[in-house]
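Asks: Mind having a look at this structure? Questions to follow.
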Amino acid sequence: MSIFKDGLLKDRHVLITGAGSGIGRGMAMAFSSLGAHVSIVGRREEKLAETAHMIEETGNKCLFRKCDVRNLDEVRAAISYFKDALGEPNVLVNNAAGNFISRTEDLSFNAFRAVMDIVMQGTLHFTMELGKSWISGRNSGTILNIVAGYAESGSGYVVPSAIAKAGVLSLTRSLAAEWGKYGIRSIAISPGLVPTEGSITRLAPTEELQKAMLNRIPLKRYCTPEEIADLASFLISDAASFINGDVVTMDGGERQWLSGQFNFLDALAPEHWDLIRSMRRG
Ligand code: HXC
């Protein structure tokens, strides 16, 4: 059951990239259930059709178009397809991502290019195409980018993604300052790990690694696509109309845990705490 009022997003036409699965699909379903028109793109047509079908089963419509966000011609074709059918999207969600775990010295330039082009270039393609059109048509709009905690901190073993997400975060903040005067808001969500098909098995391929990842999340569970979708619904709604340039973290406290020097003491056994207590003076 949604905590939001019916029709919250009824004036929105939301274009979501990478909506054939995971967080993108979760957002498409949530936005549509709140009255938004939803148009989705992704690289795999059958996955997009699946998302559209799930939305149609709820009685709503969803337009989809196969599009590799790296390819500007395909981006332009997708935008004009959606525009012809439903009018220009007034909300853009840059969600499409690629990532893999690797030692940086093992990566080819092509591997860097694959991830950076999807994350950074893909975001730029949609942002510039829609943003310029909103400005020239004197229309307002909202850009919501999906980043990651390491967009701020950097991280080894996911370096192409870290570089690209840092760029997307900077784009978010830069455009918030520059395009706010046109009524265009630019915001970001920084989710913790969401165990979807594309993420956890690729980013933490063994059970041991998955356990280690879970252990450093204070709330001891992963984020769900529905939780991200609820946050996103709020951020693209009128209720958040004064939020611009901010990144909202939803990671169960993981970033906070990672930044505290002694938080690793979580792993101490009770007898170690007894020992530490016995060392107190008085
Ligand atoms: C090292 C790799 C690799 C890997 C591919 N490459 N996979 N290098 N480790 N695991 C190299 C290839 O050898 C090739 O270089 C180059 O990358 C391009 O490979 P392609 O397969 O042609 O790329 P492409 O089809 O464009 O797809 C790349 C991809 C893909 C988008 C990254 O793996 C993919 O579709 N992934 C699924 C989406 C995904 O990753 N989602 C996770 C997002 S989750 P050479 O030199 O050989 O040509 C996320 C959340 C993180 O980002 C935040 C957590 C908190």
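Residues in the structure tokens are named by chain (A, B, ... in the order shown) and by number from 1 within that chain; ligands are numbered from 1 in the order shown.
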Could you tell me, as a list in words, which residues of region 97-266 of chain A DSSP assigns to strand (DSSP E) when given the backbone?
Replies: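 DSSP on the backbone gives strand (DSSP E) at Gly141, Thr142, Ile143, Leu144, Asn145, Ile146, Ile184, Arg185, Ser186, Ile187, Ala188, Ile189, Ser190, Pro191, Val247, Val248, Thr249 and Met250 of chain A.
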Asks: From a DSSP pass on the backbone, collect the residues of region 202-270 of chain A flagged as helix (DSSP H, G or I) and hand them back as number ranges by chain.
Replies: A: 202-203, 207-215, 225-236, 238-240, 254-259, 263-267, 270
Asks: How about saving the chosen residues, N, CA, C and O atoms kept, as a compact mmCIF listing (two decimals), in the first residue's frame?
Replies:
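Okay, out-v4.txt is ready:
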```txt
# COMPACT_ATOMS: atom_id res chain seq x y z
N ARG A 202 26.87 -9.70 -9.32
CA ARG A 202 28.04 -9.20 -10.06
C ARG A 202 29.02 -8.52 -9.13
O ARG A 202 30.22 -8.65 -9.28
N LEU A 203 28.48 -7.77 -8.16
CA LEU A 203 29.35 -6.95 -7.31
C LEU A 203 29.89 -7.72 -6.10
O LEU A 203 30.94 -7.40 -5.59
N GLU A 207 29.26 -16.00 -1.51
CA GLU A 207 28.43 -15.86 -0.31
C GLU A 207 29.19 -15.10 0.79
O GLU A 207 28.60 -14.30 1.53
N GLU A 208 30.48 -15.38 0.88
CA GLU A 208 31.32 -14.75 1.90
C GLU A 208 31.35 -13.22 1.71
O GLU A 208 31.20 -12.45 2.66
N LEU A 209 31.52 -12.80 0.45
CA LEU A 209 31.54 -11.35 0.16
C LEU A 209 30.19 -10.72 0.45
O LEU A 209 30.10 -9.60 0.96
N GLN A 210 29.12 -11.47 0.11
CA GLN A 210 27.77 -10.93 0.35
C GLN A 210 27.54 -10.74 1.85
O GLN A 210 26.94 -9.77 2.28
N LYS A 211 28.06 -11.69 2.66
CA LYS A 211 27.92 -11.59 4.12
C LYS A 211 28.69 -10.37 4.63
O LYS A 211 28.20 -9.61 5.47
N ALA A 212 29.90 -10.19 4.10
CA ALA A 212 30.72 -9.06 4.54
C ALA A 212 30.03 -7.74 4.20
O ALA A 212 30.04 -6.78 4.98
N MET A 213 29.39 -7.70 3.02
CA MET A 213 28.70 -6.46 2.60
C MET A 213 27.53 -6.16 3.52
O MET A 213 27.29 -5.02 3.91
N LEU A 214 26.79 -7.21 3.86
CA LEU A 214 25.61 -7.04 4.70
C LEU A 214 26.01 -6.60 6.11
O LEU A 214 25.35 -5.75 6.73
N ASN A 215 27.12 -7.17 6.60
CA ASN A 215 27.57 -6.88 7.97
C ASN A 215 27.89 -5.42 8.22
O ASN A 215 27.82 -4.95 9.34
N PRO A 225 13.97 -2.08 -4.02
CA PRO A 225 13.59 -1.15 -5.10
C PRO A 225 12.38 -0.31 -4.71
O PRO A 225 12.27 0.85 -5.10
N GLU A 226 11.47 -0.89 -3.89
CA GLU A 226 10.26 -0.16 -3.51
C GLU A 226 10.61 1.05 -2.62
O GLU A 226 9.99 2.11 -2.73
N GLU A 227 11.62 0.86 -1.75
CA GLU A 227 12.01 1.99 -0.89
C GLU A 227 12.62 3.12 -1.72
O GLU A 227 12.34 4.30 -1.49
N ILE A 228 13.45 2.75 -2.69
CA ILE A 228 14.02 3.78 -3.57
C ILE A 228 12.89 4.46 -4.35
O ILE A 228 12.88 5.68 -4.53
N ALA A 229 11.93 3.65 -4.81
CA ALA A 229 10.82 4.20 -5.61
C ALA A 229 9.99 5.18 -4.78
O ALA A 229 9.54 6.21 -5.30
N ASP A 230 9.77 4.87 -3.51
CA ASP A 230 9.01 5.80 -2.65
C ASP A 230 9.76 7.13 -2.50
O ASP A 230 9.16 8.20 -2.59
N LEU A 231 11.06 7.02 -2.25
CA LEU A 231 11.86 8.25 -2.10
C LEU A 231 11.82 9.05 -3.41
O LEU A 231 11.65 10.27 -3.41
N ALA A 232 11.97 8.34 -4.52
CA ALA A 232 11.96 9.01 -5.82
C ALA A 232 10.61 9.67 -6.09
O ALA A 232 10.53 10.77 -6.63
N SER A 233 9.52 8.99 -5.70
CA SER A 233 8.17 9.55 -5.91
C SER A 233 8.05 10.88 -5.17
O SER A 233 7.53 11.87 -5.70
N PHE A 234 8.54 10.90 -3.93
CA PHE A 234 8.52 12.15 -3.16
C PHE A 234 9.37 13.21 -3.87
O PHE A 234 8.93 14.35 -4.08
N LEU A 235 10.58 12.83 -4.28
CA LEU A 235 11.51 13.83 -4.83
C LEU A 235 11.03 14.44 -6.15
O LEU A 235 11.37 15.58 -6.46
N ILE A 236 10.27 13.67 -6.93
CA ILE A 236 9.80 14.26 -8.20
C ILE A 236 8.41 14.91 -8.04
O ILE A 236 7.87 15.44 -9.00
N ASP A 238 5.45 17.55 -6.18
CA ASP A 238 5.41 18.96 -5.78
C ASP A 238 5.86 19.14 -4.33
O ASP A 238 6.30 20.22 -3.94
N ALA A 239 5.72 18.08 -3.52
CA ALA A 239 6.12 18.18 -2.11
C ALA A 239 7.60 18.49 -1.97
O ALA A 239 8.03 19.02 -0.95
N ALA A 240 8.38 18.16 -2.99
CA ALA A 240 9.83 18.38 -2.92
C ALA A 240 10.26 19.53 -3.84
O ALA A 240 11.42 19.62 -4.23
N GLU A 254 25.11 2.69 5.94
CA GLU A 254 26.38 2.08 5.52
C GLU A 254 27.50 3.11 5.37
O GLU A 254 28.62 2.91 5.85
N ARG A 255 27.19 4.24 4.74
CA ARG A 255 28.23 5.25 4.53
C ARG A 255 28.76 5.75 5.87
O ARG A 255 29.96 5.95 6.06
N GLN A 256 27.84 5.93 6.82
CA GLN A 256 28.22 6.39 8.15
C GLN A 256 29.11 5.34 8.83
O GLN A 256 30.11 5.66 9.46
N TRP A 257 28.74 4.08 8.67
CA TRP A 257 29.51 2.98 9.28
C TRP A 257 30.93 2.98 8.70
O TRP A 257 31.91 2.86 9.43
N LEU A 258 31.01 3.14 7.38
CA LEU A 258 32.32 3.07 6.72
C LEU A 258 33.22 4.23 7.13
O LEU A 258 34.44 4.11 7.14
N SER A 259 32.61 5.37 7.49
CA SER A 259 33.44 6.53 7.76
C SER A 259 33.89 6.61 9.22
O SER A 259 34.72 7.44 9.56
N ASN A 263 34.21 1.73 13.97
CA ASN A 263 32.98 0.96 13.78
C ASN A 263 33.26 -0.51 13.50
O ASN A 263 32.39 -1.36 13.67
N PHE A 264 34.49 -0.82 13.12
CA PHE A 264 34.83 -2.23 12.88
C PHE A 264 34.76 -3.05 14.16
O PHE A 264 34.72 -4.27 14.14
N LEU A 265 34.70 -2.36 15.33
CA LEU A 265 34.62 -3.07 16.60
C LEU A 265 33.29 -3.81 16.76
O LEU A 265 33.14 -4.65 17.66
N ASP A 266 32.35 -3.55 15.87
CA ASP A 266 31.14 -4.37 15.74
C ASP A 266 31.47 -5.86 15.78
O ASP A 266 30.68 -6.67 16.25
N ALA A 267 32.64 -6.19 15.24
CA ALA A 267 32.99 -7.61 15.08
C ALA A 267 33.53 -8.23 16.36
O ALA A 267 33.76 -9.44 16.41
N PRO A 270 31.82 -10.95 22.79
CA PRO A 270 31.56 -10.48 24.15
C PRO A 270 32.79 -10.61 25.05
O PRO A 270 33.06 -9.72 25.87
```
Asks: Check which residues fall inside 8 Å of ligand 1 when counting only C-alpha atoms and all ligand atoms, and print them as a PDB file with N, CA and C atoms, in the first residue's frame.
Replies:
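result24.pdb written:
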```pdb
ATOM      1  N   ALA A  96      20.029   4.274 -15.776  1.00  0.00           N
ATOM      2  CA  ALA A  96      20.799   3.223 -16.468  1.00  0.00           C
ATOM      3  C   ALA A  96      22.244   3.227 -15.978  1.00  0.00           C
ATOM      4  N   ALA A  97      22.766   2.033 -15.688  1.00  0.00           N
ATOM      5  CA  ALA A  97      24.141   1.944 -15.184  1.00  0.00           C
ATOM      6  C   ALA A  97      24.796   0.662 -15.653  1.00  0.00           C
ATOM      7  N   GLY A  98      26.091   0.674 -15.658  1.00  0.00           N
ATOM      8  CA  GLY A  98      26.879  -0.537 -15.887  1.00  0.00           C
ATOM      9  C   GLY A  98      28.001  -0.504 -14.875  1.00  0.00           C
ATOM     10  N   ASN A  99      28.439  -1.653 -14.441  1.00  0.00           N
ATOM     11  CA  ASN A  99      29.472  -1.681 -13.395  1.00  0.00           C
ATOM     12  C   ASN A  99      30.046  -3.079 -13.363  1.00  0.00           C
ATOM     13  N   PHE A 100      31.304  -3.226 -13.005  1.00  0.00           N
ATOM     14  CA  PHE A 100      31.818  -4.538 -12.642  1.00  0.00           C
ATOM     15  C   PHE A 100      32.958  -4.402 -11.653  1.00  0.00           C
ATOM     16  N   ILE A 101      33.099  -5.442 -10.859  1.00  0.00           N
ATOM     17  CA  ILE A 101      34.185  -5.496  -9.878  1.00  0.00           C
ATOM     18  C   ILE A 101      35.441  -5.960 -10.602  1.00  0.00           C
ATOM     19  N   SER A 102      36.497  -5.192 -10.460  1.00  0.00           N
ATOM     20  CA  SER A 102      37.752  -5.618 -11.086  1.00  0.00           C
ATOM     21  C   SER A 102      38.917  -4.861 -10.468  1.00  0.00           C
ATOM     22  N   ASP A 106      43.596  -4.568 -14.205  1.00  0.00           N
ATOM     23  CA  ASP A 106      43.125  -5.609 -15.132  1.00  0.00           C
ATOM     24  C   ASP A 106      42.179  -5.052 -16.197  1.00  0.00           C
ATOM     25  N   LEU A 107      41.834  -3.776 -16.086  1.00  0.00           N
ATOM     26  CA  LEU A 107      40.820  -3.230 -16.999  1.00  0.00           C
ATOM     27  C   LEU A 107      41.432  -2.696 -18.287  1.00  0.00           C
ATOM     28  N   SER A 108      40.755  -2.954 -19.392  1.00  0.00           N
ATOM     29  CA  SER A 108      41.167  -2.333 -20.661  1.00  0.00           C
ATOM     30  C   SER A 108      40.495  -0.959 -20.758  1.00  0.00           C
ATOM     31  N   PHE A 109      40.997  -0.145 -21.669  1.00  0.00           N
ATOM     32  CA  PHE A 109      40.345   1.157 -21.872  1.00  0.00           C
ATOM     33  C   PHE A 109      38.906   0.969 -22.349  1.00  0.00           C
ATOM     34  N   ASN A 110      38.713  -0.097 -23.079  1.00  0.00           N
ATOM     35  CA  ASN A 110      37.361  -0.377 -23.565  1.00  0.00           C
ATOM     36  C   ASN A 110      36.405  -0.682 -22.407  1.00  0.00           C
ATOM     37  N   ALA A 111      36.942  -1.337 -21.388  1.00  0.00           N
ATOM     38  CA  ALA A 111      36.117  -1.630 -20.206  1.00  0.00           C
ATOM     39  C   ALA A 111      35.750  -0.318 -19.497  1.00  0.00           C
ATOM     40  N   PHE A 112      36.743   0.571 -19.341  1.00  0.00           N
ATOM     41  CA  PHE A 112      36.442   1.898 -18.771  1.00  0.00           C
ATOM     42  C   PHE A 112      35.356   2.580 -19.597  1.00  0.00           C
ATOM     43  N   ARG A 113      35.579   2.542 -20.914  1.00  0.00           N
ATOM     44  CA  ARG A 113      34.665   3.250 -21.815  1.00  0.00           C
ATOM     45  C   ARG A 113      33.240   2.707 -21.683  1.00  0.00           C
ATOM     46  N   ALA A 114      33.111   1.384 -21.610  1.00  0.00           N
ATOM     47  CA  ALA A 114      31.767   0.775 -21.554  1.00  0.00           C
ATOM     48  C   ALA A 114      30.990   1.334 -20.356  1.00  0.00           C
ATOM     49  N   VAL A 115      31.609   1.315 -19.182  1.00  0.00           N
ATOM     50  CA  VAL A 115      30.905   1.764 -17.971  1.00  0.00           C
ATOM     51  C   VAL A 115      30.732   3.287 -17.965  1.00  0.00           C
ATOM     52  N   ILE A 118      28.086   4.579 -20.427  1.00  0.00           N
ATOM     53  CA  ILE A 118      26.692   4.345 -20.005  1.00  0.00           C
ATOM     54  C   ILE A 118      26.315   5.350 -18.904  1.00  0.00           C
ATOM     55  N   VAL A 147      22.960   7.936  -8.111  1.00  0.00           N
ATOM     56  CA  VAL A 147      24.418   7.883  -7.950  1.00  0.00           C
ATOM     57  C   VAL A 147      24.787   6.750  -6.974  1.00  0.00           C
ATOM     58  N   ALA A 148      25.881   6.861  -6.269  1.00  0.00           N
ATOM     59  CA  ALA A 148      26.307   5.824  -5.317  1.00  0.00           C
ATOM     60  C   ALA A 148      27.162   6.524  -4.265  1.00  0.00           C
ATOM     61  N   GLY A 149      27.312   5.898  -3.103  1.00  0.00           N
ATOM     62  CA  GLY A 149      28.099   6.513  -2.029  1.00  0.00           C
ATOM     63  C   GLY A 149      29.505   6.853  -2.492  1.00  0.00           C
ATOM     64  N   TYR A 150      30.068   6.027  -3.344  1.00  0.00           N
ATOM     65  CA  TYR A 150      31.450   6.260  -3.778  1.00  0.00           C
ATOM     66  C   TYR A 150      31.567   7.365  -4.827  1.00  0.00           C
ATOM     67  N   SER A 161      33.105   3.072 -12.610  1.00  0.00           N
ATOM     68  CA  SER A 161      31.818   3.521 -12.079  1.00  0.00           C
ATOM     69  C   SER A 161      32.010   4.697 -11.123  1.00  0.00           C
ATOM     70  N   PRO A 191      21.652   5.331  -3.455  1.00  0.00           N
ATOM     71  CA  PRO A 191      21.144   4.142  -2.760  1.00  0.00           C
ATOM     72  C   PRO A 191      22.276   3.255  -2.274  1.00  0.00           C
ATOM     73  N   GLY A 192      22.005   2.512  -1.233  1.00  0.00           N
ATOM     74  CA  GLY A 192      22.908   1.424  -0.875  1.00  0.00           C
ATOM     75  C   GLY A 192      22.689   0.295  -1.861  1.00  0.00           C
ATOM     76  N   LEU A 193      23.335  -0.816  -1.595  1.00  0.00           N
ATOM     77  CA  LEU A 193      23.214  -1.933  -2.522  1.00  0.00           C
ATOM     78  C   LEU A 193      21.786  -2.486  -2.513  1.00  0.00           C
ATOM     79  N   VAL A 194      21.211  -2.588  -3.694  1.00  0.00           N
ATOM     80  CA  VAL A 194      19.884  -3.192  -3.846  1.00  0.00           C
ATOM     81  C   VAL A 194      20.106  -4.544  -4.520  1.00  0.00           C
ATOM     82  N   GLY A 198      21.043  -7.380 -11.627  1.00  0.00           N
ATOM     83  CA  GLY A 198      22.254  -6.779 -12.190  1.00  0.00           C
ATOM     84  C   GLY A 198      23.305  -6.411 -11.152  1.00  0.00           C
ATOM     85  N   SER A 199      22.947  -6.411  -9.884  1.00  0.00           N
ATOM     86  CA  SER A 199      23.886  -5.844  -8.924  1.00  0.00           C
ATOM     87  C   SER A 199      24.596  -6.882  -8.083  1.00  0.00           C
ATOM     88  N   ILE A 200      23.887  -7.505  -7.152  1.00  0.00           N
ATOM     89  CA  ILE A 200      24.614  -8.194  -6.094  1.00  0.00           C
ATOM     90  C   ILE A 200      25.460  -9.369  -6.570  1.00  0.00           C
ATOM     91  N   ARG A 202      26.872  -9.699  -9.324  1.00  0.00           N
ATOM     92  CA  ARG A 202      28.035  -9.202 -10.061  1.00  0.00           C
ATOM     93  C   ARG A 202      29.022  -8.517  -9.126  1.00  0.00           C
ATOM     94  N   LEU A 203      28.477  -7.770  -8.157  1.00  0.00           N
ATOM     95  CA  LEU A 203      29.350  -6.952  -7.314  1.00  0.00           C
ATOM     96  C   LEU A 203      29.888  -7.717  -6.104  1.00  0.00           C
TER      97      LEU A 203
END
```
Asks: Set the distance at 10 Å and use only C-alpha atoms: which residues neighbour Thr127 (chain A) once local chain neighbours fewer than 6 positions away are removed? I'd like the list as a ChimeraX atom specification.
Replies: /A:92-94,121,133,142-145,171-172,175,186
Asks: If we count only C-alpha atoms and set the cut-off at 12 Å, which residues sit around Gly131 (chain A), ignoring sequence neighbours fewer than 4 positions away in its own chain? Please answer as an NGL selection string.
Replies: :A and (79 or 88-92 or 123-127 or 135-143 or 175-176 or 178-180 or 182-186)
Asks: Here is a test: counting only C-alpha atoms, which residue of A:Leu63, A:Met27, A:Met279, A:Leu8 is nearest to Asp84 (chain A)?
Replies: A:Leu63
Asks: Tell me, as a tab-separated table (two decimals) with C-alpha atoms, in the first residue's frame, which residues lie within 8 Å of region 40-56 of chain A, counting only C-alpha atoms; anything in the same chain fewer than 2 positions away does not count.
Replies:
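Printed below is result22.tsv as written:
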```tsv
chain	number	residue	atom	x	y	z
A	15	LEU	CA	11.17	9.14	-18.76
A	16	ILE	CA	13.23	6.48	-16.96
A	17	THR	CA	16.42	4.98	-18.35
A	18	GLY	CA	17.35	1.39	-17.53
A	19	ALA	CA	13.81	0.49	-16.50
A	20	GLY	CA	13.80	-3.10	-17.75
A	21	SER	CA	14.69	-4.38	-14.28
A	25	ARG	CA	11.43	-1.04	-12.96
A	28	ALA	CA	8.29	2.90	-13.22
A	29	MET	CA	5.70	0.84	-11.32
A	32	SER	CA	2.59	4.87	-12.71
A	38	VAL	CA	5.70	6.52	-17.74
A	58	THR	CA	-2.54	-2.57	-13.15
A	59	GLY	CA	-4.69	-0.82	-15.76
A	60	ASN	CA	-2.13	1.87	-16.66
A	61	LYS	CA	-0.13	2.46	-19.82
A	62	CYS	CA	3.62	2.43	-20.29
A	63	LEU	CA	5.51	3.33	-23.44
A	64	PHE	CA	8.84	1.66	-24.08
A	65	ARG	CA	11.60	1.95	-26.62
A	66	LYS	CA	14.84	0.03	-27.01
A	67	CYS	CA	17.69	2.50	-26.64
A	68	ASP	CA	21.36	2.32	-25.74
A	69	VAL	CA	21.92	5.51	-23.75
A	78	ALA	CA	13.41	7.66	-28.14
A	96	ALA	CA	20.80	3.22	-16.47
```
Asks: Between A:Leu9, A:Ala162, A:Gly260, A:Glu105, which residue has the minimum interatomic distance to Val119 (chain A), considering only C-alpha atoms?
Replies: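 Closest residue, counting only C-alpha atoms: A:Ala162.
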Asks: Grab the CA of Phe262 (chain A) to CA of Arg216 (chain A) distance for me, in Å with one decimal place.
Replies: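 Distance reported for this atom pair: 12.2 Å.
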Asks: What separation in Å, quoted to one decimal, exists between CA of Lys10 (chain A) and CA of Ser33 (chain A)?
Replies: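 Going from CA of Lys10 (chain A) over to CA of Ser33 (chain A) covers 9.6 Å.
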Asks: Which one is closest to Ser237 (chain A): A:Glu129, A:Asp117, A:Asp11, A:Glu74? Count only C-alpha atoms.
Replies: A:Asp11
Asks: I'd like the interatomic distance between CA of Gly122 (chain A) and CA of Val75 (chain A), to a tenth of an Å.
Replies: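 About the pair CA of Gly122 (chain A) and CA of Val75 (chain A): they are 8.6 Å apart.
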